[in-house]
>>> print(open('work.cif').read())   # mmCIF, C-alpha atoms (C1' of nucleotides)
data_input
#
loop_
_atom_site.label_atom_id
_atom_site.label_comp_id
_atom_site.auth_asym_id
_atom_site.auth_seq_id
_atom_site.Cartn_x
_atom_site.Cartn_y
_atom_site.Cartn_z
CA MET W 1 -9.01 -26.47 18.86
CA PHE W 2 -9.06 -22.69 18.61
CA SER W 3 -11.09 -20.43 16.42
CA ILE W 4 -9.29 -17.64 14.66
CA GLY W 5 -10.55 -15.26 17.33
CA ASP W 6 -9.06 -17.40 20.10
CA LEU W 7 -5.76 -17.43 18.28
CA SER W 8 -5.95 -13.68 17.87
CA ARG W 9 -6.57 -13.09 21.57
CA ARG W 10 -3.80 -15.43 22.61
CA THR W 11 -1.14 -14.01 20.33
CA GLY W 12 -2.20 -10.41 19.99
CA VAL W 13 -2.26 -10.77 16.21
CA LYS W 14 -5.42 -9.34 14.72
CA VAL W 15 -7.83 -11.65 12.96
CA PRO W 16 -7.43 -10.18 9.46
CA THR W 17 -3.68 -10.26 9.95
CA ILE W 18 -3.80 -13.99 10.67
CA ARG W 19 -5.71 -14.53 7.44
CA TYR W 20 -3.17 -12.33 5.69
CA TYR W 21 -0.30 -14.44 7.04
CA GLU W 22 -2.03 -17.54 5.75
CA GLN W 23 -2.29 -15.92 2.34
CA MET W 24 1.39 -14.99 2.47
CA GLY W 25 2.31 -18.54 3.30
CA LEU W 26 3.65 -17.87 6.78
CA ILE W 27 1.16 -20.25 8.32
CA SER W 28 -0.33 -23.20 6.52
CA ALA W 29 -4.00 -23.17 5.61
CA ALA W 30 -5.92 -24.21 8.69
CA HIS W 31 -8.36 -27.09 8.91
CA ARG W 32 -11.94 -26.01 8.58
CA SER W 33 -15.04 -26.69 10.63
CA GLU W 34 -18.14 -28.07 8.95
CA GLY W 35 -19.26 -24.51 8.49
CA ASN W 36 -15.98 -23.57 6.78
CA GLN W 37 -14.46 -21.76 9.74
CA ARG W 38 -10.76 -22.04 10.51
CA ARG W 39 -9.79 -24.30 13.40
CA TYR W 40 -6.32 -24.20 14.88
CA GLU W 41 -4.20 -26.38 17.12
CA LYS W 42 -1.44 -25.70 19.57
CA THR W 43 1.31 -25.90 16.97
CA ASP W 44 -0.40 -23.15 15.01
CA LEU W 45 -0.45 -21.05 18.14
CA GLU W 46 3.27 -21.49 18.59
CA ARG W 47 3.97 -20.75 14.99
CA LEU W 48 1.95 -17.56 15.14
CA ALA W 49 3.65 -16.47 18.35
CA PHE W 50 6.98 -16.98 16.61
CA ILE W 51 5.84 -14.81 13.72
CA ARG W 52 4.51 -12.16 16.02
CA HIS W 53 7.75 -12.05 17.89
CA ALA W 54 9.80 -11.84 14.73
CA ARG W 55 7.61 -9.03 13.42
CA ASP W 56 8.01 -7.18 16.70
CA LEU W 57 11.73 -7.46 16.19
CA GLY W 58 11.27 -5.93 12.75
CA PHE W 59 11.95 -8.94 10.53
CA ASP W 60 10.10 -8.70 7.24
CA ILE W 61 7.90 -11.41 5.88
CA PRO W 62 10.38 -13.07 3.50
CA ALA W 63 12.93 -13.21 6.33
CA ILE W 64 10.37 -14.81 8.60
CA ARG W 65 9.50 -17.33 5.94
CA ASP W 66 13.17 -18.24 5.78
CA LEU W 67 13.50 -18.47 9.54
CA ILE W 68 10.51 -20.78 9.73
CA ALA W 69 11.94 -22.98 6.99
CA LEU W 70 15.24 -23.17 8.87
CA SER W 71 13.57 -23.94 12.17
CA ARG W 72 12.16 -27.08 10.61
CA HIS W 73 15.60 -28.57 10.15
CA PRO W 74 16.86 -28.94 13.72
CA ASP W 75 20.00 -30.73 12.61
CA ALA W 76 21.13 -28.22 10.05
CA PRO W 77 23.79 -25.69 11.03
CA CYS W 78 22.25 -22.46 12.19
CA ALA W 79 24.49 -20.17 10.19
CA GLY W 80 21.54 -19.29 7.97
CA ALA W 81 19.46 -18.02 10.86
CA ASP W 82 22.41 -16.12 12.24
CA ARG W 83 23.03 -14.45 8.93
CA ILE W 84 19.41 -13.34 8.63
CA ALA W 85 19.49 -11.88 12.12
CA GLU W 86 22.82 -10.19 11.53
CA GLU W 87 21.68 -8.66 8.28
CA HIS W 88 18.61 -7.36 9.97
CA LEU W 89 20.67 -5.95 12.80
CA ALA W 90 22.88 -4.19 10.28
CA ALA W 91 19.80 -2.72 8.58
CA VAL W 92 18.46 -1.49 11.90
CA ARG W 93 21.78 0.16 12.69
CA GLU W 94 21.85 1.85 9.34
CA LYS W 95 18.40 3.24 9.95
CA ILE W 96 19.47 4.54 13.33
CA VAL W 97 22.43 6.31 11.77
CA LYS W 98 20.24 7.97 9.18
CA LEU W 99 17.61 9.00 11.68
CA THR W 100 20.23 10.39 14.02
CA LYS W 101 21.59 12.61 11.26
CA LEU W 102 18.05 13.71 10.54
CA GLU W 103 17.49 14.40 14.20
CA GLN W 104 20.53 16.62 14.42
CA GLU W 105 19.60 18.61 11.36
CA LEU W 106 16.02 19.06 12.51
CA GLU W 107 17.16 20.01 15.98
CA ARG W 108 19.42 22.66 14.57
CA ILE W 109 16.71 24.05 12.35
CA VAL W 110 14.09 24.11 15.07
CA SER W 111 16.36 25.65 17.67
CA HIS W 112 17.45 28.43 15.33
CA CYS W 113 14.00 29.77 14.72
CA SER W 114 13.33 33.00 16.51
CA GLY W 115 9.60 32.41 16.50
CA ASP W 116 8.57 35.61 14.76
CA SER W 117 6.95 35.87 11.37
CA VAL W 118 7.03 33.32 8.59
CA GLU W 119 9.11 35.74 6.57
CA ASP W 120 12.19 35.10 8.65
CA CYS W 121 11.20 31.72 10.02
CA TYR W 122 14.30 29.58 10.12
CA VAL W 123 12.28 26.46 9.45
CA ILE W 124 10.85 27.75 6.20
CA ARG W 125 14.08 29.42 5.17
CA ALA W 126 16.14 26.31 5.82
CA LEU W 127 13.78 24.28 3.68
CA SER W 128 13.96 26.79 0.86
CA ASP W 129 17.71 27.04 0.93
CA HIS W 130 19.72 23.88 1.00
CA GLY W 131 22.86 25.89 1.62
CA MET W 132 21.76 26.43 5.21
CA CYS W 133 22.20 22.76 6.02
CA GLU W 134 25.13 21.43 7.95
CA ALA W 135 25.25 17.92 6.61
CA GLU W 136 24.48 16.37 3.29
CA HIS W 137 21.20 14.54 2.89
CA MET V 138 10.74 27.63 -19.32
CA PHE V 139 11.69 24.13 -18.30
CA SER V 140 10.35 20.80 -19.42
CA ILE V 141 9.56 18.24 -16.76
CA GLY V 142 12.86 16.53 -17.58
CA ASP V 143 14.79 19.76 -16.98
CA LEU V 144 13.06 20.19 -13.67
CA SER V 145 13.88 16.61 -12.78
CA ARG V 146 17.57 17.01 -13.54
CA ARG V 147 17.83 20.28 -11.65
CA THR V 148 16.10 19.05 -8.50
CA GLY V 149 16.93 15.38 -8.49
CA VAL V 150 13.24 14.53 -8.29
CA LYS V 151 12.28 11.85 -10.79
CA VAL V 152 9.86 12.70 -13.57
CA PRO V 153 7.01 10.42 -12.43
CA THR V 154 7.44 11.75 -8.91
CA ILE V 155 6.95 15.31 -10.14
CA ARG V 156 3.71 14.28 -11.80
CA TYR V 157 2.75 12.50 -8.60
CA TYR V 158 3.37 15.66 -6.58
CA GLU V 159 1.17 17.57 -8.97
CA GLN V 160 -1.57 15.01 -8.43
CA MET V 161 -1.13 15.27 -4.66
CA GLY V 162 -1.48 19.04 -4.85
CA LEU V 163 2.04 19.85 -3.72
CA ILE V 164 2.74 21.74 -6.90
CA SER V 165 0.10 23.44 -8.99
CA ALA V 166 -0.76 22.03 -12.39
CA ALA V 167 1.85 23.33 -14.80
CA HIS V 168 1.10 25.32 -17.91
CA ARG V 169 1.13 23.19 -21.00
CA SER V 170 2.84 23.54 -24.37
CA GLU V 171 0.76 23.38 -27.53
CA GLY V 172 1.43 19.67 -27.61
CA ASN V 173 0.17 19.27 -24.02
CA GLN V 174 3.55 18.97 -22.36
CA ARG V 175 4.21 20.55 -18.97
CA ARG V 176 6.22 23.76 -18.95
CA TYR V 177 7.68 25.13 -15.74
CA GLU V 178 9.10 28.41 -14.54
CA LYS V 179 11.67 29.33 -11.95
CA THR V 180 9.14 29.52 -9.13
CA ASP V 181 8.16 25.93 -9.83
CA LEU V 182 11.80 24.96 -9.59
CA GLU V 183 12.09 26.60 -6.19
CA ARG V 184 8.91 25.02 -4.98
CA LEU V 185 10.07 21.61 -6.04
CA ALA V 186 13.46 22.08 -4.43
CA PHE V 187 11.66 23.00 -1.21
CA ILE V 188 9.61 19.82 -1.42
CA ARG V 189 12.63 17.71 -2.16
CA HIS V 190 14.45 19.15 0.78
CA ALA V 191 11.52 18.62 3.11
CA ARG V 192 11.18 15.01 1.92
CA ASP V 193 14.88 14.45 2.52
CA LEU V 194 14.29 15.65 6.06
CA GLY V 195 11.50 13.10 6.34
CA PHE V 196 8.46 15.36 6.36
CA ASP V 197 5.42 13.60 4.98
CA ILE V 198 3.26 14.99 2.23
CA PRO V 199 0.49 16.50 4.37
CA ALA V 200 3.12 18.25 6.49
CA ILE V 201 4.78 19.64 3.37
CA ARG V 202 1.43 20.84 2.08
CA ASP V 203 0.99 22.71 5.35
CA LEU V 204 4.49 24.14 5.25
CA ILE V 205 3.93 25.40 1.73
CA ALA V 206 0.65 26.98 2.71
CA LEU V 207 2.35 28.70 5.64
CA SER V 208 5.24 29.91 3.53
CA ARG V 209 2.78 31.85 1.44
CA HIS V 210 1.85 34.10 4.34
CA PRO V 211 5.12 35.87 5.10
CA ASP V 212 3.51 38.13 7.70
CA ALA V 213 1.88 35.40 9.73
CA PRO V 214 3.59 34.18 12.88
CA CYS V 215 5.73 31.16 12.22
CA ALA V 216 4.54 29.15 15.21
CA GLY V 217 2.73 26.80 12.83
CA ALA V 218 5.86 25.93 10.94
CA ASP V 219 7.77 25.49 14.16
CA ARG V 220 5.16 23.18 15.53
CA ILE V 221 5.23 21.00 12.41
CA ALA V 222 8.99 20.75 12.58
CA GLU V 223 8.97 20.05 16.31
CA GLU V 224 6.37 17.34 15.96
CA HIS V 225 8.40 15.76 13.22
CA LEU V 226 11.52 15.95 15.34
CA ALA V 227 9.65 14.27 18.18
CA ALA V 228 8.50 11.51 15.83
CA VAL V 229 12.05 10.99 14.60
CA ARG V 230 13.31 10.74 18.16
CA GLU V 231 10.64 8.23 19.02
CA LYS V 232 11.66 6.10 16.08
CA ILE V 233 15.28 6.26 17.19
CA VAL V 234 14.32 5.11 20.66
CA LYS V 235 12.36 2.17 19.30
CA LEU V 236 15.07 1.16 16.88
CA THR V 237 17.72 1.40 19.56
CA LYS V 238 15.77 -0.99 21.77
CA LEU V 239 15.43 -3.29 18.80
CA GLU V 240 19.12 -3.02 18.13
CA GLN V 241 19.99 -4.03 21.67
CA GLU V 242 17.66 -6.99 21.65
CA LEU V 243 18.93 -8.18 18.28
CA GLU V 244 22.51 -7.69 19.32
CA ARG V 245 21.94 -9.78 22.40
CA ILE V 246 20.25 -12.54 20.45
CA VAL V 247 22.88 -12.64 17.73
CA SER V 248 25.81 -12.57 20.12
CA HIS V 249 24.40 -15.41 22.21
CA CYS V 250 24.23 -17.88 19.39
CA SER V 251 26.92 -20.49 19.55
CA GLY V 252 26.71 -21.15 15.83
CA ASP V 253 26.01 -24.84 15.99
CA SER V 254 22.87 -26.58 14.85
CA VAL V 255 19.43 -25.06 14.43
CA GLU V 256 18.24 -27.15 17.33
CA ASP V 257 20.03 -24.99 19.85
CA CYS V 258 20.31 -21.85 17.76
CA TYR V 259 19.75 -18.92 20.06
CA VAL V 260 18.19 -16.90 17.25
CA ILE V 261 15.48 -19.45 16.59
CA ARG V 262 14.97 -20.24 20.23
CA ALA V 263 14.67 -16.59 21.21
CA LEU V 264 12.03 -16.09 18.54
CA SER V 265 10.10 -19.10 19.74
CA ASP V 266 10.22 -18.11 23.35
CA HIS V 267 9.34 -14.59 24.31
CA GLY V 268 10.53 -15.24 27.83
CA MET V 269 14.12 -15.08 26.63
CA CYS V 270 13.81 -11.38 25.86
CA GLU V 271 15.24 -8.73 28.07
CA ALA V 272 12.93 -5.87 27.27
CA GLU V 273 9.30 -5.62 26.36
CA HIS V 274 8.41 -5.10 22.75
"C1'" DG C 275 -36.16 -25.28 19.81
"C1'" DC C 276 -35.62 -20.51 18.91
"C1'" DT C 277 -33.55 -16.17 18.79
"C1'" DA C 278 -30.17 -12.69 19.22
"C1'" DA C 279 -25.57 -11.52 19.65
"C1'" DT C 280 -21.31 -12.48 18.33
"C1'" DC C 281 -18.28 -14.49 15.48
"C1'" DC C 282 -16.56 -15.88 11.01
"C1'" DC C 283 -16.42 -16.10 5.83
"C1'" DT C 284 -14.74 -13.99 1.11
"C1'" DC C 285 -13.70 -10.23 -1.65
"C1'" DT C 286 -12.44 -5.69 -2.53
"C1'" DA C 287 -10.36 -1.39 -1.67
"C1'" DG C 288 -7.44 1.75 0.99
"C1'" DC C 289 -3.15 3.38 3.37
"C1'" DT C 290 2.37 5.91 1.99
"C1'" DA C 291 5.25 7.61 -1.42
"C1'" DC C 292 6.50 6.29 -5.04
"C1'" DT C 293 7.95 3.24 -9.26
"C1'" DA C 294 7.15 0.64 -13.48
"C1'" DT C 295 4.86 -0.58 -17.48
"C1'" DA C 296 2.14 -0.07 -21.87
"C1'" DG C 297 0.74 2.31 -25.69
"C1'" DC C 298 0.63 6.51 -27.62
"C1'" DT C 299 2.13 11.60 -29.00
"C1'" DT C 300 5.39 15.44 -29.26
"C1'" DC C 301 9.76 17.56 -29.64
"C1'" DA C 302 14.37 18.70 -31.34
"C1'" DA C 303 18.42 17.69 -33.99
"C1'" DG C 304 20.38 16.48 -38.31
"C1'" DC H 305 11.59 14.63 -43.12
"C1'" DT H 306 13.06 11.32 -40.28
"C1'" DT H 307 14.39 9.42 -36.12
"C1'" DG H 308 15.28 8.88 -31.34
"C1'" DA H 309 14.55 10.89 -27.05
"C1'" DA H 310 11.32 12.67 -24.15
"C1'" DG H 311 6.62 13.45 -22.86
"C1'" DC H 312 1.64 12.06 -22.23
"C1'" DT H 313 -2.23 9.21 -19.60
"C1'" DA H 314 -3.76 5.38 -17.20
"C1'" DT H 315 -3.12 1.36 -14.60
"C1'" DA H 316 -0.90 -1.69 -11.47
"C1'" DG H 317 2.61 -2.94 -8.21
"C1'" DT H 318 5.52 -2.32 -3.81
"C1'" DA H 319 5.00 -3.83 2.33
"C1'" DG H 320 2.14 -5.04 5.79
"C1'" DC H 321 -1.54 -4.66 7.01
"C1'" DT H 322 -6.58 -2.47 7.93
"C1'" DA H 323 -11.48 -1.47 6.93
"C1'" DG H 324 -15.72 -2.36 4.91
"C1'" DA H 325 -19.61 -4.81 2.53
"C1'" DG H 326 -22.61 -8.46 2.44
"C1'" DG H 327 -23.28 -12.55 3.70
"C1'" DG H 328 -23.18 -17.43 6.78
"C1'" DA H 329 -21.90 -20.03 11.39
"C1'" DT H 330 -21.88 -20.57 16.18
"C1'" DT H 331 -23.34 -20.26 20.74
"C1'" DA H 332 -25.55 -18.67 25.07
"C1'" DG H 333 -29.77 -17.82 27.11
"C1'" DC H 334 -34.68 -18.50 27.45
#
>>> encode(input="work.cif", output="structure tokens")
Amino acid sequence: MFSIGDLSRRTGVKVPTIRYYEQMGLISAAHRSEGNQRRYEKTDLERLAFIRHARDLGFDIPAIRDLIALSRHPDAPCAGADRIAEEHLAAVREKIVKLTKLEQELERIVSHCSGDSVEDCYVIRALSDHGMCEAEH
Amino acid sequence: MFSIGDLSRRTGVKVPTIRYYEQMGLISAAHRSEGNQRRYEKTDLERLAFIRHARDLGFDIPAIRDLIALSRHPDAPCAGADRIAEEHLAAVREKIVKLTKLEQELERIVSHCSGDSVEDCYVIRALSDHGMCEAEH
DNA sequence: GCTAATCCCTCTAGCTACTATAGCTTCAAG
DNA sequence: CTTGAAGCTATAGTAGCTAGAGGGATTAGC
């Protein structure tokens, strides 16, 4: 039996976040002590570690809910889980592409600035005048 | 004289967003028509285009506020603007690094899954067991 | 057994940058 | 003068937490 604080220390998930996950339906409502405090068991610990891990990998809460639901049917085909992971991977890649474009544009702007007065600051001028950009955005 | 709708069409910034920017102090409160509708001039258009451009480049609102303040002192040195842009560039790069690590981990997980049942689905198993990860996260 | 420190409870509000809705008023064209 | 589009304010919702207020529970030490 763990208190919510124990669970927090063992998983690295903050206490209010655990309560939030309960509210969001990622973990089921815990049993309560006589004094109305949450008491957890080992399965809850594992579940929370799963969630933590998925969050670290950037899955959002609905996706995690789906993954948990799938993990409860060991005999089902795992295409569903694969698809969720693949979609997430695709989203991550898309973000990287966008950020890389941003990086290049910012790099160009920053490196072009002579460092004199604001009047001819390349940073400010580039922001004022879209025509100075290389790529679309 | 432009209405808020004109401004929106010319800059691509949605009408409620323009009002939001006014509230956030990015643009000054517009003059009003007799019937209390906002009326803008060319300078407002330029200001809004500047904001739009900065947002497209991922600057957050406080940074844009600072950039606008700086752009009003043409004689000041532009080190401030450079620093803001450089910090933002650094933040973008950091995000790219993180996402790239994520991408690799996800790629590895997805590619390892045989595609059979949930029971031995690599996706689910990897999420359950942190020890299966290559990198820290 | 008592007390103090620490933990836990619920509820509410705040964060970013918008977006959406409701209910109302104003504007511009015909 | 009417009508439909556009504008107004105010409020609430989005994701995933985080912080705080104002209490009650638990536990370690004496």
>>> atom_distance(input="work.cif", atom1="atom CA of Ala200 of chain V", atom2="atom CA of Ile221 of chain V")
6.9 Å
>>> residues_around(input="work.cif", residues="Ser114 of chain W", least_positions_apart="2", cutoff="12 Å", atoms="only C-alpha atoms (C1' of nucleotides)", output="number ranges by chain")
W: 109-112, 116-125; V: 214-216, 218-219
>>> closest_residue(input="work.cif", among="V:Arg147, V:Arg175, V:His168, V:His210", to="chain H", atoms="all atoms listed in the file")
V:Arg175
>>> interface_residues(input="work.cif", of="chain V", to="chain H", cutoff="10 Å", atoms="only C-alpha atoms (C1' of nucleotides)", output="list in words")
Ser140, Ile141, Gly142, Val152, Gly172, Asn173, Gln174 and Arg175 of chain V
>>> interface_residues(input="work.cif", of="chain V", to="chain C", cutoff="12 Å", atoms="only C-alpha atoms (C1' of nucleotides)", output="number ranges by chain")
V: 140, 150-158, 161, 170-175, 192, 195-199
>>> closest_residue(input="work.cif", among="W:Leu48, W:Val97, W:Ala76, W:Ala90", to="chain V", atoms="only C-alpha atoms")
W:Ala76
>>> atom_distance(input="work.cif", atom1="atom CA of Glu231 of chain V", atom2="atom CA of Glu103 of chain W")
10.4 Å
>>> closest_residue(input="work.cif", among="W:Ile64, W:Met1, W:Leu7, W:Leu102", to="chain V", atoms="only C-alpha atoms")
W:Leu102
>>> build_atoms(input="work.cif", residues="segment 260-272 of chain V", atoms="N, CA and C atoms", output="PDB file, in the frame of the given file")
ATOM      1  N   VAL V 260      19.063 -17.758  18.059  1.00  0.00           N
ATOM      2  CA  VAL V 260      18.190 -16.900  17.250  1.00  0.00           C
ATOM      3  C   VAL V 260      16.797 -17.520  17.158  1.00  0.00           C
ATOM      4  N   ILE V 261      16.756 -18.767  16.737  1.00  0.00           N
ATOM      5  CA  ILE V 261      15.480 -19.450  16.590  1.00  0.00           C
ATOM      6  C   ILE V 261      14.791 -19.627  17.938  1.00  0.00           C
ATOM      7  N   ARG V 262      15.571 -20.008  18.925  1.00  0.00           N
ATOM      8  CA  ARG V 262      14.970 -20.240  20.230  1.00  0.00           C
ATOM      9  C   ARG V 262      14.407 -18.959  20.825  1.00  0.00           C
ATOM     10  N   ALA V 263      15.138 -17.868  20.661  1.00  0.00           N
ATOM     11  CA  ALA V 263      14.670 -16.590  21.210  1.00  0.00           C
ATOM     12  C   ALA V 263      13.357 -16.183  20.546  1.00  0.00           C
ATOM     13  N   LEU V 264      13.253 -16.467  19.246  1.00  0.00           N
ATOM     14  CA  LEU V 264      12.030 -16.090  18.540  1.00  0.00           C
ATOM     15  C   LEU V 264      10.864 -16.954  19.004  1.00  0.00           C
ATOM     16  N   SER V 265      11.164 -18.200  19.326  1.00  0.00           N
ATOM     17  CA  SER V 265      10.100 -19.100  19.740  1.00  0.00           C
ATOM     18  C   SER V 265       9.628 -18.792  21.154  1.00  0.00           C
ATOM     19  N   ASP V 266      10.524 -18.276  21.944  1.00  0.00           N
ATOM     20  CA  ASP V 266      10.220 -18.110  23.350  1.00  0.00           C
ATOM     21  C   ASP V 266      10.410 -16.664  23.790  1.00  0.00           C
ATOM     22  N   HIS V 267       9.296 -16.007  23.953  1.00  0.00           N
ATOM     23  CA  HIS V 267       9.340 -14.590  24.310  1.00  0.00           C
ATOM     24  C   HIS V 267      10.012 -14.364  25.665  1.00  0.00           C
ATOM     25  N   GLY V 268       9.961 -15.371  26.490  1.00  0.00           N
ATOM     26  CA  GLY V 268      10.530 -15.240  27.830  1.00  0.00           C
ATOM     27  C   GLY V 268      12.028 -15.007  27.842  1.00  0.00           C
ATOM     28  N   MET V 269      12.678 -15.277  26.699  1.00  0.00           N
ATOM     29  CA  MET V 269      14.120 -15.080  26.630  1.00  0.00           C
ATOM     30  C   MET V 269      14.509 -13.629  26.358  1.00  0.00           C
ATOM     31  N   CYS V 270      13.502 -12.778  26.162  1.00  0.00           N
ATOM     32  CA  CYS V 270      13.810 -11.380  25.860  1.00  0.00           C
ATOM     33  C   CYS V 270      14.084 -10.592  27.121  1.00  0.00           C
ATOM     34  N   GLU V 271      14.928  -9.612  26.947  1.00  0.00           N
ATOM     35  CA  GLU V 271      15.240  -8.730  28.070  1.00  0.00           C
ATOM     36  C   GLU V 271      14.150  -7.679  28.247  1.00  0.00           C
ATOM     37  N   ALA V 272      13.884  -6.980  27.182  1.00  0.00           N
ATOM     38  CA  ALA V 272      12.930  -5.870  27.270  1.00  0.00           C
ATOM     39  C   ALA V 272      11.578  -6.264  26.693  1.00  0.00           C
TER      40      ALA V 272
END
